[in-house]
Structures are given as C-alpha cells and as structure tokens.
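*Asks:* I'd like to ask you about the structure that follows.
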Amino acid sequence: MRLALYQPDIPQNVGSAIRLCACLGVPLDIIEPCGFIWDKRKIEQAALDYYPLAQIEKHMDWADFVKNRSQSRLVLMTTKASLPYTDFKFEKTDILIAGRESAGVPDEIHNAVQGRVYIPMHGAARSLNVINASSMILGEALRQVNL
C-alpha cells in the first residue's frame, strides 16, 4: 500500500504526510508540480526527524507516476465520491491518492482511477485537511488488509 499526494500546495502538509508514512511504514509518492518550491531542507524541517525514515518517491507529473503502477489499484480520496471509505474493500497493493488542497484533481484523473472514496461529513462541513483525511482512510485501509 502507498499514499500519493497529487500536486500538493502546502509544504507543511507534505511534512505531515512524510511523518504519517514513516510511522506507518507506507511509501509516499509526490506527484509534481508542487504548488511551492521544493526545498529539501524546509521539507525535512516540516517532517521533523521522520524524513530519513520515510520512503519518498517524487514523480515529475501524472504520466510519470502511473507508468510503473500497473500492478496497483489507484484509489482517489475525494469529496466527489459516492462510496464512504468504510464501505470500500481495500487491497494490499492499493495506492491512495490525495488531491491538491486548493483544487482536488482534474477530471482526467477522476476518470483514470479504479476507486473513489469519501469521508462522510457532519452538517455543512465540506472537507478535512488533506493529511487528516489521508490518515483516517489509510488507517482503515491498513486495518482491512492487516498490514
């Protein structure tokens, strides 16, 4: 199982994702371009001392990301899904994809994934922070596959 961030906008969220993935033993994919200048020193600072513990793979764009992922099912975490993440049957080789904080993902990526899940929200709430949402869904996925 892997976590992928599609064109992240906020370096602190990347730092949080690095820490999350390091703690759970899950590789992290960063699909560029990022909405900020990638400064390894600043990213390491945001990730605290978890940076060296993480498996991070950067991809120059979506095409570069998917070219070696034919053995994995791509699962998009999106507010536009119709299936709650708790009702989805995750597999060990799934890659969970989080969209940009500012805009999600474009339609062509919605159409390219094999699964879409959402977190039910209370009342008028729209969405959680992308890393909080990723933590919830990744935790459930790992629980299901016993990793």
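The chains in the structure tokens are called A, B, ... from first to last as shown; in each chain the residues are counted from 1, and the ligands are counted from 1 in the order shown.
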Need the shell around Ile131 in chain A: protein/DNA/RNA residues with any atom at most 12 Å away, counting only C-alpha atoms. Skip same-chain ones fewer than 5 positions apart. Format as a VMD selection string?
*Replies:* chain A and resid 3 to 5 8 10 to 21 77 96 to 101 136 to 139
*Asks:* Please provide the set of residues having any atom within 10 Å of Ala141 in chain A, restricted to only C-alpha atoms, with same-chain residues fewer than 2 positions apart removed, written as JSON, numbers by chain.
*Replies:* {"A": [1, 85, 86, 88, 89, 90, 91, 92, 94, 96, 135, 136, 137, 138, 139, 143, 144, 145, 146, 147]}
*Asks:* Can you check which residues of chain A DSSP gives as strand (DSSP E or B) on the backbone and send them as an NGL selection string?
*Replies:* :A and (2-6 or 28-31 or 56-59 or 74-77 or 84 or 95-98 or 100 or 104 or 115-118)
*Asks:* Nearest to Asp107 in chain A: which of A:Met121, A:Leu28, A:Asp39, A:Lys80 is it, counting only C-alpha atoms?
*Replies:*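 For Asp107 in chain A, the nearest of the candidates is A:Lys80.
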*Asks:* Residues at most 9 Å from Leu74 in chain A, counting only C-alpha atoms, excluding those fewer than 5 positions away in the same chain, as a VMD selection string?
*Replies:* chain A and resid 69 94 to 97 112 to 116
*Asks:* Write out the residues from the selection above, keeping N, CA and C atoms, as an mmCIF file, in the first residue's frame.
*Replies:*
```cif
data_model
loop_
_atom_site.group_PDB
_atom_site.id
_atom_site.type_symbol
_atom_site.label_atom_id
_atom_site.label_comp_id
_atom_site.auth_asym_id
_atom_site.auth_seq_id
_atom_site.Cartn_x
_atom_site.Cartn_y
_atom_site.Cartn_z
ATOM 1 N N ARG A 69 2.864 1.740 -12.396
ATOM 2 C CA ARG A 69 1.891 1.387 -11.359
ATOM 3 C C ARG A 69 0.794 0.441 -11.864
ATOM 4 N N ASP A 94 -3.088 -1.313 -3.090
ATOM 5 C CA ASP A 94 -3.742 -0.043 -3.425
ATOM 6 C C ASP A 94 -2.804 1.143 -3.212
ATOM 7 N N ILE A 95 -2.997 2.159 -4.034
ATOM 8 C CA ILE A 95 -2.346 3.453 -3.832
ATOM 9 C C ILE A 95 -3.449 4.458 -3.573
ATOM 10 N N LEU A 96 -3.447 5.053 -2.384
ATOM 11 C CA LEU A 96 -4.431 6.058 -2.027
ATOM 12 C C LEU A 96 -3.924 7.409 -2.509
ATOM 13 N N ILE A 97 -4.757 8.124 -3.248
ATOM 14 C CA ILE A 97 -4.351 9.396 -3.849
ATOM 15 C C ILE A 97 -5.135 10.536 -3.226
ATOM 16 N N ALA A 112 -9.389 8.191 -14.462
ATOM 17 C CA ALA A 112 -8.303 7.219 -14.605
ATOM 18 C C ALA A 112 -8.184 6.258 -13.419
ATOM 19 N N VAL A 113 -8.777 6.594 -12.289
ATOM 20 C CA VAL A 113 -8.628 5.759 -11.094
ATOM 21 C C VAL A 113 -9.637 4.617 -11.106
ATOM 22 N N GLN A 114 -9.318 3.582 -10.335
ATOM 23 C CA GLN A 114 -10.202 2.412 -10.261
ATOM 24 C C GLN A 114 -11.153 2.466 -9.068
ATOM 25 N N GLY A 115 -10.936 3.385 -8.153
ATOM 26 C CA GLY A 115 -11.804 3.509 -6.992
ATOM 27 C C GLY A 115 -11.831 4.943 -6.484
ATOM 28 N N ARG A 116 -12.962 5.321 -5.873
ATOM 29 C CA ARG A 116 -13.124 6.652 -5.289
ATOM 30 C C ARG A 116 -13.845 6.494 -3.953
#
```
*Asks:* Could you give me the residues within range 34-129 of chain A that DSSP places in helix (DSSP H, G or I), as a list in words?
*Replies:*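 Those residues are Lys40, Arg41, Lys42, Ile43, Glu44, Gln45, Ala46, Leu48, Asp49, Tyr50, Tyr51, Pro52, Leu53, Trp62, Ala63, Asp64, Phe65, Val66, Tyr85, Thr86, Asp87, Asp107, Glu108, Ile109, His110, Asn111 and Ala112 of chain A.
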*Asks:* At a cut-off of 10 Å, using only C-alpha atoms, what residues contact Trp62 in chain A? Leave out same-chain residues fewer than 2 positions from it and give the result as a PDB file with C-alpha atoms, in the first residue's frame.
*Replies:*
```
ATOM      1  CA  TYR A   6      -1.161  14.956  -6.266  1.00  0.00           C
ATOM      2  CA  GLN A   7       0.477  18.369  -6.790  1.00  0.00           C
ATOM      3  CA  ILE A  30       4.742  13.077  -4.556  1.00  0.00           C
ATOM      4  CA  ILE A  31       3.256  13.893  -7.963  1.00  0.00           C
ATOM      5  CA  GLU A  32       4.639  17.209  -9.211  1.00  0.00           C
ATOM      6  CA  PRO A  33       4.492  20.018  -9.899  1.00  0.00           C
ATOM      7  CA  HIS A  59       7.309  11.985  -9.967  1.00  0.00           C
ATOM      8  CA  MET A  60       7.590  14.852 -12.440  1.00  0.00           C
ATOM      9  CA  ASP A  64       5.464   9.572 -14.812  1.00  0.00           C
ATOM     10  CA  PHE A  65       3.585   8.381 -11.717  1.00  0.00           C
ATOM     11  CA  VAL A  66       1.277   5.912 -13.485  1.00  0.00           C
ATOM     12  CA  LYS A  67       3.796   4.415 -15.909  1.00  0.00           C
ATOM     13  CA  ILE A 109      -7.582  11.730 -13.069  1.00  0.00           C
TER      14      ILE A 109
END
```
